[in-house]
>>> print(open('model_22.tsv').read())   # TSV, C-alpha atoms and all ligand atoms
chain	number	residue	atom	x	y	z
A	1110	MET	CA	5.18	37.84	-6.03
A	1111	GLY	CA	5.35	34.10	-5.59
A	1112	ILE	CA	2.24	34.10	-3.45
A	1113	ILE	CA	0.16	35.95	-6.06
A	1114	SER	CA	1.26	33.82	-8.99
A	1115	ARG	CA	0.60	30.66	-6.97
A	1116	ALA	CA	-3.00	31.85	-6.47
A	1117	PHE	CA	-3.43	32.09	-10.24
A	1118	GLN	CA	-1.95	28.64	-10.75
A	1119	GLY	CA	-4.54	27.06	-8.52
A	1120	ARG	CA	-3.97	24.98	-5.43
A	1121	PRO	CA	-0.50	23.58	-4.96
A	1122	ARG	CA	-0.43	19.93	-5.95
A	1123	ASP	CA	0.55	18.89	-2.42
A	1124	HIS	CA	-2.90	19.95	-1.22
A	1125	ASP	CA	-4.49	17.31	-3.41
A	1126	GLU	CA	-7.42	15.70	-1.61
A	1127	ASN	CA	-5.89	12.30	-2.41
A	1128	LEU	CA	-2.71	13.17	-0.50
A	1129	PRO	CA	-2.83	12.11	3.17
A	1130	PRO	CA	-1.66	14.61	5.81
A	1131	GLY	CA	2.09	15.24	5.96
A	1132	GLN	CA	2.81	13.53	2.61
A	1133	TYR	CA	4.35	14.96	-0.58
A	1134	LEU	CA	4.15	13.61	-4.12
A	1135	VAL	CA	6.95	11.89	-5.98
A	1136	HIS	CA	7.04	10.76	-9.60
A	1137	ASP	CA	9.92	8.35	-9.34
A	1138	PHE	CA	9.64	5.12	-7.33
A	1139	PRO	CA	12.01	5.15	-4.34
A	1140	VAL	CA	13.36	1.83	-3.05
A	1141	LEU	CA	13.27	1.23	0.70
A	1142	SER	CA	14.64	-2.07	1.94
A	1143	ALA	CA	15.91	-2.91	5.42
A	1144	GLY	CA	18.41	-5.44	4.06
A	1145	PRO	CA	19.78	-7.01	0.90
A	1146	THR	CA	17.46	-8.05	-1.94
A	1147	PRO	CA	16.84	-11.81	-1.71
A	1148	ARG	CA	16.96	-13.69	-5.01
A	1149	VAL	CA	14.35	-16.42	-5.26
A	1150	PRO	CA	14.45	-18.72	-8.31
A	1151	LEU	CA	10.90	-19.22	-9.60
A	1152	ASP	CA	11.17	-23.01	-9.55
A	1153	ARG	CA	11.79	-22.82	-5.81
A	1154	TRP	CA	9.38	-19.96	-5.09
A	1155	GLU	CA	6.24	-20.73	-3.17
A	1156	PHE	CA	3.59	-18.76	-1.40
A	1157	ALA	CA	1.81	-20.21	1.64
A	1158	ILE	CA	-1.06	-19.31	3.89
A	1159	ASP	CA	-0.84	-21.12	7.20
A	1160	THR	CA	-3.76	-21.02	9.57
A	1161	ALA	CA	-3.87	-20.75	13.35
A	1162	GLU	CA	-5.49	-24.20	13.25
A	1163	GLY	CA	-2.41	-25.73	11.61
A	1164	GLN	CA	-3.52	-26.02	7.98
A	1165	VAL	CA	-1.09	-24.98	5.24
A	1166	HIS	CA	-2.20	-23.86	1.78
A	1167	ARG	CA	0.63	-23.60	-0.78
A	1168	TRP	CA	0.99	-22.32	-4.30
A	1169	SER	CA	3.94	-22.88	-6.62
A	1170	TRP	CA	4.75	-20.07	-9.08
A	1171	GLU	CA	2.81	-21.92	-11.82
A	1172	GLU	CA	-0.19	-22.51	-9.60
A	1173	PHE	CA	-0.12	-18.90	-8.50
A	1174	LEU	CA	-0.05	-17.58	-12.09
A	1175	ALA	CA	-3.03	-19.81	-12.97
A	1176	LEU	CA	-5.26	-18.00	-10.46
A	1177	PRO	CA	-7.64	-15.24	-11.58
A	1178	GLN	CA	-5.72	-11.97	-11.90
A	1179	GLU	CA	-6.60	-8.36	-11.24
A	1180	THR	CA	-4.97	-5.11	-12.32
A	1181	PRO	CA	-5.38	-2.64	-9.46
A	1182	THR	CA	-4.38	1.02	-9.91
A	1183	VAL	CA	-3.62	2.48	-6.49
A	1184	ASP	CA	-1.92	5.33	-4.65
A	1185	LEU	CA	1.07	4.47	-2.42
A	1186	HIS	CA	1.94	6.23	0.84
A	1187	CYS	CA	5.28	5.65	2.55
A	1188	VAL	CA	5.79	6.52	6.21
A	1189	THR	CA	8.92	8.50	5.17
A	1190	LYS	CA	6.36	10.93	3.64
A	1191	TRP	CA	6.47	10.28	-0.08
A	1192	SER	CA	3.30	9.32	-1.91
A	1193	LYS	CA	2.97	8.09	-5.48
A	1194	PHE	CA	-0.32	8.29	-7.32
A	1195	GLY	CA	-1.84	5.91	-9.84
A	1196	THR	CA	0.56	2.96	-9.67
A	1197	GLU	CA	-0.51	0.05	-11.90
A	1198	TRP	CA	-0.09	-3.53	-10.75
A	1199	LYS	CA	-1.05	-7.04	-11.75
A	1200	GLY	CA	-1.60	-9.79	-9.26
A	1201	VAL	CA	-3.95	-12.02	-7.33
A	1202	SER	CA	-6.44	-10.70	-4.80
A	1203	LEU	CA	-6.11	-12.04	-1.26
A	1204	ASP	CA	-9.84	-12.79	-1.55
A	1205	VAL	CA	-8.98	-15.41	-4.19
A	1206	LEU	CA	-6.14	-16.87	-2.11
A	1207	MET	CA	-8.32	-16.98	1.02
A	1208	GLU	CA	-11.30	-18.58	-0.75
A	1209	ASP	CA	-10.68	-22.15	0.51
A	1210	VAL	CA	-8.93	-21.15	3.72
A	1211	GLU	CA	-10.94	-21.83	6.83
A	1212	SER	CA	-9.81	-20.14	10.01
A	1213	ALA	CA	-11.22	-18.30	12.98
A	1214	ALA	CA	-8.06	-16.18	13.22
A	1215	GLU	CA	-8.38	-12.40	13.21
A	1216	TYR	CA	-4.74	-11.41	12.70
A	1217	ALA	CA	-2.22	-11.89	9.95
A	1218	LEU	CA	1.58	-11.82	9.87
A	1219	ALA	CA	3.06	-11.46	6.40
A	1220	TYR	CA	6.55	-12.95	6.14
A	1221	SER	CA	9.11	-12.61	3.39
A	1222	TYR	CA	12.09	-14.32	1.84
A	1223	GLY	CA	14.94	-12.63	3.70
A	1224	GLY	CA	13.10	-12.58	7.04
A	1225	TYR	CA	11.03	-9.36	6.95
A	1226	THR	CA	7.67	-9.51	8.70
A	1227	THR	CA	4.72	-7.16	9.11
A	1228	ASN	CA	1.40	-7.61	10.89
A	1229	LEU	CA	-2.11	-6.48	10.13
A	1230	PRO	CA	-5.67	-7.43	10.98
A	1231	LEU	CA	-6.88	-10.18	8.64
A	1232	GLU	CA	-9.85	-8.05	7.59
A	1233	ASP	CA	-7.42	-5.52	6.07
A	1234	LEU	CA	-6.35	-8.20	3.59
A	1235	LEU	CA	-9.91	-9.00	2.47
A	1236	ASP	CA	-12.75	-7.41	0.47
A	1237	GLY	CA	-10.64	-6.10	-2.41
A	1238	LYS	CA	-8.09	-4.31	-0.23
A	1239	ALA	CA	-4.95	-6.42	-0.80
A	1240	TRP	CA	-3.13	-8.35	-3.52
A	1241	ILE	CA	-0.03	-10.43	-4.11
A	1242	VAL	CA	1.36	-8.58	-7.12
A	1243	TYR	CA	4.03	-9.63	-9.62
A	1244	GLU	CA	3.86	-6.91	-12.30
A	1245	PHE	CA	4.34	-3.16	-11.99
A	1246	ASP	CA	3.70	-0.72	-14.82
A	1247	GLY	CA	3.27	-3.54	-17.34
A	1248	GLU	CA	6.64	-5.16	-16.51
A	1249	GLU	CA	7.63	-8.03	-14.28
A	1250	LEU	CA	8.18	-6.69	-10.78
A	1251	ALA	CA	11.82	-5.66	-10.29
A	1252	PRO	CA	13.68	-7.47	-7.50
A	1253	ALA	CA	14.37	-4.18	-5.68
A	1254	HIS	CA	10.62	-3.51	-5.49
A	1255	GLY	CA	9.83	-7.00	-4.21
A	1256	GLY	CA	9.97	-9.28	-7.25
A	1257	PRO	CA	9.07	-11.97	-7.99
A	1258	ALA	CA	6.02	-11.03	-5.88
A	1259	ARG	CA	5.08	-8.71	-3.06
A	1260	LEU	CA	2.12	-7.97	-0.89
A	1261	LEU	CA	0.24	-4.77	-1.84
A	1262	VAL	CA	-1.98	-3.20	0.84
A	1263	PRO	CA	-2.31	0.36	-0.43
A	1264	HIS	CA	-4.71	1.69	2.21
A	1265	LEU	CA	-1.95	1.32	4.85
A	1266	TYR	CA	1.56	2.81	4.89
A	1267	LEU	CA	3.80	0.99	2.46
A	1268	TRP	CA	5.86	-0.84	5.09
A	1269	LYS	CA	2.83	-3.16	5.40
A	1270	SER	CA	3.30	-4.16	1.74
A	1271	ALA	CA	5.91	-6.86	2.33
A	1272	LYS	CA	8.30	-7.30	-0.59
A	1273	TRP	CA	9.49	-10.83	-1.58
A	1274	ILE	CA	6.43	-12.27	0.13
A	1275	LYS	CA	6.74	-15.90	1.19
A	1276	GLY	CA	3.58	-16.38	3.13
A	1277	ILE	CA	0.89	-15.17	5.46
A	1278	ARG	CA	0.41	-16.70	8.89
A	1279	LEU	CA	-3.06	-16.41	10.36
A	1280	LEU	CA	-2.97	-15.89	14.11
A	1281	ASN	CA	-5.42	-15.70	16.99
A	1282	GLU	CA	-3.29	-13.00	18.61
A	1283	ASP	CA	-1.66	-9.97	17.07
A	1284	TRP	CA	2.09	-10.46	16.61
A	1285	PRO	CA	4.07	-7.30	15.75
A	1286	GLY	CA	6.37	-7.48	12.74
A	1287	PHE	CA	9.81	-6.02	11.97
A	1288	TRP	CA	9.04	-2.28	11.93
A	1289	GLU	CA	6.16	-2.56	14.40
A	1290	THR	CA	8.62	-4.02	16.94
A	1291	ALA	CA	11.00	-1.13	16.17
A	1292	GLY	CA	8.48	1.60	17.04
A	1293	TYR	CA	6.33	2.03	13.96
A	1294	HIS	CA	2.59	2.21	14.53
A	1295	ASN	CA	0.87	-1.14	14.85
A	1296	TYR	CA	-1.81	-0.32	12.24
A	1297	GLY	CA	-0.39	2.44	10.02
A	1298	ASP	CA	-3.35	4.33	8.52
A	1299	PRO	CA	-1.91	7.18	6.42
A	1300	TRP	CA	-5.14	9.21	6.67
A	1301	ARG	CA	-4.80	9.24	10.47
A	1302	GLU	CA	-1.02	9.75	10.27
A	1303	GLN	CA	-0.36	6.62	12.29
A	1304	ARG	CA	3.40	6.65	11.71
A	1305	TYR	CA	4.83	5.72	15.08
A	1306	GLN	CA	3.63	4.12	18.29
A	1307	GLY	CA	1.49	6.66	20.13
A	1308	ASP	CA	0.37	8.54	16.97
A	1401	LIG	N1	10.64	-7.74	2.64
A	1401	LIG	C1	10.61	-6.42	2.82
A	1401	LIG	N2	9.49	-5.76	2.50
A	1401	LIG	C2	9.42	-4.42	2.67
A	1401	LIG	C3	10.50	-3.69	3.20
A	1401	LIG	C4	11.68	-4.42	3.53
A	1401	LIG	O1	12.68	-3.87	4.00
A	1401	LIG	N3	11.70	-5.79	3.31
A	1401	LIG	N4	10.41	-2.35	3.39
A	1401	LIG	C5	9.06	-1.80	3.53
A	1401	LIG	C6	9.04	-0.38	3.51
A	1401	LIG	S1	9.51	0.44	4.92
A	1401	LIG	C7	8.57	0.30	2.43
A	1401	LIG	S2	8.39	1.98	2.46
A	1401	LIG	C8	8.23	-0.40	1.18
A	1401	LIG	C9	9.05	0.17	0.06
A	1401	LIG	O2	8.71	-0.43	-1.15
A	1401	LIG	P1	9.53	-0.02	-2.43
A	1401	LIG	O3	10.99	-0.28	-2.13
A	1401	LIG	O4	9.00	-0.83	-3.54
A	1401	LIG	O5	9.29	1.46	-2.62
A	1401	LIG	O6	8.45	-1.79	1.25
A	1401	LIG	C10	8.12	-2.37	2.47
A	1401	LIG	N5	8.27	-3.79	2.34
A	1402	MO	MO	8.82	2.65	4.63
>>> encode(input="model_22.tsv", output="structure tokens", more="lines below")
Ligand SMILES: Nc1nc2c(c(=O)[nH]1)N[C@H]1C(S)=C(S)[C@@H](COP(=O)(O)O)O[C@H]1N2
Ligand SMILES: [Mo]
Amino acid sequence: MGIISRAFQGRPRDHDENLPPGQYLVHDFPVLSAGPTPRVPLDRWEFAIDTAEGQVHRWSWEEFLALPQETPTVDLHCVTKWSKFGTEWKGVSLDVLMEDVESAAEYALAYSYGGYTTNLPLEDLLDGKAWIVYEFDGEELAPAHGGPARLLVPHLYLWKSAKWIKGIRLLNEDWPGFWETAGYHNYGDPWREQRYQGD
């Protein structure tokens, strides 16, 4: 009888058109970290963008908070197959941070306090696709989820959204990060199920 009653209930939620292939929905917010949570005092926190040409742009926590802010609402997709819809963040668009940065580089390597790295094409950080966020759900971002601030690149699998972000290095050549070196897909598009190398 389960099949008949399901038909009357409409499509199962997991067939939602906003759910990429192979994913299921969660309503909690799982924590996935490859190591311990680094604690970064705000008076020593800084975020940097360093260019392939050797220029370094730095923001202290105060300077970072003084930048124009955005409040993106986005769906998250983790390579371990959970997705979470409608997450609400506050942060600074990479477009704002990149405004005065001049570089011919085409690749980016995000690096974190604690040593995590992840790579992506620079264009995937631009045009309203990526933020450095410091609030989730109206609260300051919890350390376990990347506080004080993390990268948010929701159109790629969540391992690209480096927690405890320290900086972004612009590179002329692609340089695989932590999980990419360990066999995860180099790009990680959830809609093309690019989970592992060869997908
Ligand atoms: N610095 C850092 N960032 C990280 C990770 C990590 O281990 N260290 N894990 C990544 C992975 S694999 C995922 S799925 C998401 C998990 O984010 P969450 O713990 O907020 O759910 O963070 C990503 N960013
Ligand atoms: Mo992940």
>>> residues_near_point(input="model_22.tsv", point="(-4.4, -21.6, -4.8)", cutoff="9 Å", atoms="all atoms listed in the file", output="VMD selection string")
chain A and resid 1166 to 1169 1172 to 1173 1175 to 1176 1205 to 1209
>>> residues_around(input="model_22.tsv", residues="Thr1146 (chain A)", least_positions_apart="6", cutoff="9 Å", atoms="all atoms listed in the file", output="list in words")
Gly1223, Pro1252, Ala1253, His1254, Gly1255 and Trp1273 of chain A
>>> write_last_selection(input="model_22.tsv", atoms="C-alpha atoms", output="CSV table (one decimal), in the frame of the given file")
chain,number,residue,atom,x,y,z
A,1223,GLY,CA,14.9,-12.6,3.7
A,1252,PRO,CA,13.7,-7.5,-7.5
A,1253,ALA,CA,14.4,-4.2,-5.7
A,1254,HIS,CA,10.6,-3.5,-5.5
A,1255,GLY,CA,9.8,-7.0,-4.2
A,1273,TRP,CA,9.5,-10.8,-1.6
>>> closest_atom_pairs(input="model_22.tsv", of="chain A", to="ligand MO 1402 (chain A)", cutoff="9 Å", atoms="all atoms listed in the file", output="CSV")
residue,atom,partner,partner_atom,distance
A:Val1140,CA,A:MO1402,MO,9.0
A:Leu1141,CA,A:MO1402,MO,6.1
A:Ser1142,CA,A:MO1402,MO,8.0
A:His1186,CA,A:MO1402,MO,8.6
A:Cys1187,CA,A:MO1402,MO,5.1
A:Val1188,CA,A:MO1402,MO,5.2
A:Thr1189,CA,A:MO1402,MO,5.9
A:Lys1190,CA,A:MO1402,MO,8.7
A:Tyr1266,CA,A:MO1402,MO,7.3
A:Leu1267,CA,A:MO1402,MO,5.7
A:Trp1268,CA,A:MO1402,MO,4.6
A:Lys1269,CA,A:MO1402,MO,8.4
A:Trp1288,CA,A:MO1402,MO,8.8
>>> closest_residue(input="model_22.tsv", among="A:Pro1230, A:Gly1200, A:Gly1286, A:Gly1224", to="ligand LIG 1401 (chain A)", atoms="all atoms listed in the file")
A:Gly1224
>>> atom_distance(input="model_22.tsv", atom1="CA of Pro1299 (chain A)", atom2="CA of Ala1214 (chain A)")
25.1 Å
>>> residues_around(input="model_22.tsv", residues="Leu1265 (chain A)", least_positions_apart="5", cutoff="10 Å", atoms="all atoms listed in the file", output="PyMOL selection string")
chain A and resi 1185-1188+1229+1233+1238+1270+1296-1300+1303
>>> write_last_selection(input="model_22.tsv", atoms="C-alpha atoms", output="PDB file, keeping the file's coordinate frame")
ATOM      1  CA  LEU A1185       1.070   4.470  -2.420  1.00  0.00           C
ATOM      2  CA  HIS A1186       1.940   6.230   0.840  1.00  0.00           C
ATOM      3  CA  CYS A1187       5.280   5.650   2.550  1.00  0.00           C
ATOM      4  CA  VAL A1188       5.790   6.520   6.210  1.00  0.00           C
ATOM      5  CA  LEU A1229      -2.110  -6.480  10.130  1.00  0.00           C
ATOM      6  CA  ASP A1233      -7.420  -5.520   6.070  1.00  0.00           C
ATOM      7  CA  LYS A1238      -8.090  -4.310  -0.230  1.00  0.00           C
ATOM      8  CA  SER A1270       3.300  -4.160   1.740  1.00  0.00           C
ATOM      9  CA  TYR A1296      -1.810  -0.320  12.240  1.00  0.00           C
ATOM     10  CA  GLY A1297      -0.390   2.440  10.020  1.00  0.00           C
ATOM     11  CA  ASP A1298      -3.350   4.330   8.520  1.00  0.00           C
ATOM     12  CA  PRO A1299      -1.910   7.180   6.420  1.00  0.00           C
ATOM     13  CA  TRP A1300      -5.140   9.210   6.670  1.00  0.00           C
ATOM     14  CA  GLN A1303      -0.360   6.620  12.290  1.00  0.00           C
TER      15      GLN A1303
END
>>> axis_aligned_box(input="model_22.tsv", around="region 1260-1275 of chain A", padding_each_side="8 Å", output="JSON")
{"center_x": 2.4, "center_y": -6.5, "center_z": 1.8, "size_x": 30.2, "size_y": 34.7, "size_z": 23.2}
>>> residues_around(input="model_22.tsv", residues="Gly1292 (chain A)", least_positions_apart="2", cutoff="9 Å", atoms="only C-alpha atoms", output="PyMOL selection string")
chain A and resi 1288-1290+1294-1295+1304-1306
>>> closest_residue(input="model_22.tsv", among="A:Gly1256, A:Gly1163, A:Gly1247, A:Pro1285", to="ligand LIG 1401 (chain A)", atoms="all atoms listed in the file")
A:Gly1256
>>> closest_residue(input="model_22.tsv", among="A:Val1201, A:Val1242, A:Ala1143, A:Ile1158", to="Leu1280 (chain A)", atoms="all atoms listed in the file")
A:Ile1158
